[in-house]
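Enquirer: Quick one: the structure is below, and I'll ask about it shortly.
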Amino acid sequence: MMTGVVASPIAHGAVTRDGAGIAESYVRPLPAPELEAYVDDFAALVDTLPSTRSTIGCIVPAYNEEASIGAVLESLLAQTRLPDVVHVVVNNTTDRTVEVAATFAGAHTRVDADGVEQFTEIFVHDIGKNPDKKVGALNYGYTLVEGLDFLLGVDGDTVADERAVEFLEAEIASDSRIGGISAIYSIDDREMTGVVAPFLIAGQRAQFAAFNMQNMLRGRNMAVLGGQYSIFATHALRDAMTANRQTTPWVKDSEVEDSLLSLQIKSAGYLTKISARARADVGGMTTLRALDAQQVKWNYGAIELMWPGQRGDTKGQPFHPNLRLRWWENASMVINALSRILFLVLLAGSLSIGAFVFSPVWLIPPVVAILLNLRIALSMESRSARDILFAVLLLPAEVYMWVRIGHFARAWTKFASKKQVDNWAAQAKAERGSGHAYLAPLLIALAAVIAMVAIWTQLSPVVQSSILWVGWPVLGTITVLQTLSMFGKLVRRHHGYKV
């Protein structure tokens, strides 16, 4: 039997001599010209080997996105890493979304500065009237890309940094345990007119920044893989579907389809992360009516997922790790609402009987709040002067907190009523400028104030004094705990993260 011998490229004329049980050999290195020729030949051989890369299918669900869909597709075509295919799924639209998107349809080839050629193709699908709305569009798109490695979900009003897809692919491909990664979201702060729209955009930017930073400081574990700009491993989607006996990744019976899918991916054994580098700007709500509908829908859906038991087809998962931040958010909103209401009631009561005494110590909580708001603003990658002013002036942030308290109260009230509502339709109606439900918290607050004033005037001075004697220490205790919590966030290290 003959044995094969593999010669080293740097060994030339190797000789072995056996004797007395001792083996000797010598290696004569190749001369430099021969070695260089070998290296060149080897490199040429490697270049001829077939190369592969992951495949990415992008889904863009679009509903009345005539004004923004063009910028979204331009942003995708400007990515340093082009998706392999882009499917725009237009549903229930009443404007010119299809016509605008159609101008981008077809094959797109680009040769980058390094000589690498990239190719993608854009398809536009008008699926007409779709009762499942965005969920139906997403699931339709999934059937078109389920054979690819990754699914990139992009909203019809979201524009990303030019390296967003490149960063998302690199991160999700680096660890097989990751089922999905969300980009770092901010709100588009393009120039706006008036007073209300800039105020609401600044508030939403601060709200998103705080939420993103909380997730990044929790090991970049993302509670919600938002549909605005997230990438999913298709095998993770299939595993989540199998585990939940679903034929599609997204289900229509949840108000927050992206939150539910994130929980299912996590329960299937995968990680849900927020990117450290990929960034995207989301279209914000510029009216109180539209913001109310959006936030109530989000809060209502989150309550459904948090609440023990089952409401319809959505099973509550109160102890799911992705919902811990949701519980903390709701607890914080309760405390914020309670402390503010108590302060206003006690202040009015004290002034009515001439018992109010100001203490400079009361300035500590607002000062800490301003510093915390400022730190959040400074953590924004693309902060503006408006973001800084929103933080340091305090009043805008305080007004926005009252707006959020109204959303929080409306969501819990709707949930407690057990009345089946279509919050998707309510949001679409509000974005069209219809409906007045957003005024309900204000009207209820006015009614409550009138009722409390009427009751207060009927109480005797002794009872009034007793209420103030008990109320102020209770408020003081709550305020001290809130201030300590804010101070803890203020001094916590951000580890260089930018949101």
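Every chain in the structure tokens takes a letter, A first, then B, and so on in the order presented; its residues are numbered from 1, and the ligands are numbered from 1 following the presented order.
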Residues of region 37-187 of chain A classed as alpha helix (DSSP H) by DSSP on the backbone are to be reported as a VMD selection string.
Expert: chain A and resid 37 to 48 69 to 77 97 to 102 133 to 145 164 to 173
Enquirer: Could you save those same residues with C-alpha atoms as a compact mmCIF listing (two decimals), in the first residue's frame?
Expert:
# COMPACT_ATOMS: atom_id res chain seq x y z
CA ALA A 37 4.92 33.17 -7.72
CA TYR A 38 3.32 30.53 -5.50
CA VAL A 39 1.50 33.18 -3.45
CA ASP A 40 0.18 34.83 -6.62
CA ASP A 41 -1.00 31.51 -8.02
CA PHE A 42 -2.69 30.62 -4.72
CA ALA A 43 -4.46 34.00 -4.51
CA ALA A 44 -5.67 33.61 -8.10
CA LEU A 45 -7.00 30.16 -7.22
CA VAL A 46 -8.90 31.56 -4.20
CA ASP A 47 -10.42 34.29 -6.39
CA THR A 48 -11.91 31.64 -8.65
CA ILE A 69 -42.75 56.33 -0.06
CA GLY A 70 -40.42 57.94 -2.61
CA ALA A 71 -37.93 58.99 0.08
CA VAL A 72 -38.12 55.52 1.67
CA LEU A 73 -37.24 53.77 -1.60
CA GLU A 74 -34.49 56.28 -2.37
CA SER A 75 -33.04 55.57 1.09
CA LEU A 76 -33.09 51.81 0.41
CA LEU A 77 -31.35 52.27 -2.96
CA THR A 97 -48.89 55.58 -3.21
CA VAL A 98 -48.90 52.97 -6.00
CA GLU A 99 -48.14 55.49 -8.72
CA VAL A 100 -45.21 57.01 -6.80
CA ALA A 101 -43.76 53.62 -5.83
CA ALA A 102 -44.15 52.33 -9.39
CA LYS A 133 -54.41 46.07 7.23
CA LYS A 134 -50.68 46.29 8.00
CA VAL A 135 -50.58 42.75 9.39
CA GLY A 136 -52.04 41.42 6.16
CA ALA A 137 -49.49 43.36 4.12
CA LEU A 138 -46.59 42.05 6.22
CA ASN A 139 -47.75 38.46 5.95
CA TYR A 140 -48.25 38.82 2.20
CA GLY A 141 -44.70 40.10 1.96
CA TYR A 142 -43.38 37.27 4.10
CA THR A 143 -44.63 34.70 1.58
CA LEU A 144 -42.48 36.43 -1.05
CA VAL A 145 -39.20 36.34 0.89
CA ALA A 164 -28.24 50.78 8.37
CA VAL A 165 -28.76 47.56 6.37
CA GLU A 166 -25.02 46.86 6.41
CA PHE A 167 -24.89 47.19 10.19
CA LEU A 168 -28.07 45.17 10.79
CA GLU A 169 -26.86 42.31 8.59
CA ALA A 170 -23.42 42.23 10.22
CA GLU A 171 -24.92 42.13 13.70
CA ILE A 172 -27.58 39.47 13.08
CA ALA A 173 -25.19 37.27 11.07
Enquirer: Could you pull the residues within 6 Å of region 269-275 of chain A, counting only C-alpha atoms, minus those fewer than 3 positions along the same chain, as a list of chain:residue names?
Expert: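 Selected residues are A:Arg177, A:Ile178, A:Gly179, A:Gly180, A:Ile181, A:Ser182, A:Ala183, A:Arg220, A:Asn221, A:Met222, A:Ile265, A:Lys266, A:Ala278.
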Enquirer: When you count only C-alpha atoms, which of these residues is closest to Gly316 (chain A): A:Val111, A:Leu351, A:Leu260, A:Val124?
Expert: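 Ranked by minimum distance to Gly316 (chain A), first place goes to A:Leu260.
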Enquirer: One decimal, Å: what's the distance from CA of His495 (chain A) over to CA of Asp161 (chain A), could you say?
Expert: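 Here the two named atoms are 22.0 Å from each other.
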Enquirer: Can you list, as a PyMOL selection string, all residues belonging to region 163-345 of chain A that DSSP tags as strand (DSSP E)?
Expert: chain A and resi 178-187+229-233+271-282+310-311+314-315
Enquirer: Pick from A:Asn373, A:Asn92, A:Gln482, A:Thr242: nearest to Pro131 (chain A), with only C-alpha atoms counted?
Expert: A:Asn92
Enquirer: Compare A:Gly194, A:Val334, A:Leu363, A:Val85 by their minimum atom-to-atom distance to Ile478 (chain A), counting only C-alpha atoms, and give me the closest one.
Expert: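 Among the listed residues, A:Val334 lies closest to Ile478 (chain A).
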Enquirer: For each of A:Ser339, A:Phe358, A:Ser460, A:Phe487, take the minimum atom-to-atom distance to Leu371 (chain A), counting only C-alpha atoms, then give the residue where this is smallest.
Expert: A:Phe487
Enquirer: Which polymer residues have any atom within 7 Å of an atom of region 284-300 of chain A, counting only C-alpha atoms, with same-chain residues fewer than 6 positions away left out, as a VMD selection string?
Expert: chain A and resid 187 to 188 196 to 197 200 to 201 255 to 256 407 to 408 410 to 412 415 423 426 to 427 430 to 431 438
Enquirer: Pick from A:Ala206, A:Ala78, A:Ile376, A:Val224: nearest to Ala397 (chain A), with only C-alpha atoms counted?
Expert: A:Ala206
Enquirer: So which residues touch Val474 (chain A) within 10 Å, counting only C-alpha atoms, skipping near sequence neighbours fewer than 5 positions away, as a ChimeraX atom specification?
Expert: /A:339,342,468-469,479
Enquirer: Any chance you can output those residues with C-alpha atoms as a compact mmCIF listing (two decimals), in the first residue's frame?
Expert:
# COMPACT_ATOMS: atom_id res chain seq x y z
CA SER A 339 -47.71 62.88 42.34
CA LEU A 342 -51.74 65.26 44.58
CA LEU A 468 -53.54 68.64 54.22
CA TRP A 469 -51.71 67.34 57.31
CA THR A 479 -41.51 62.83 45.53
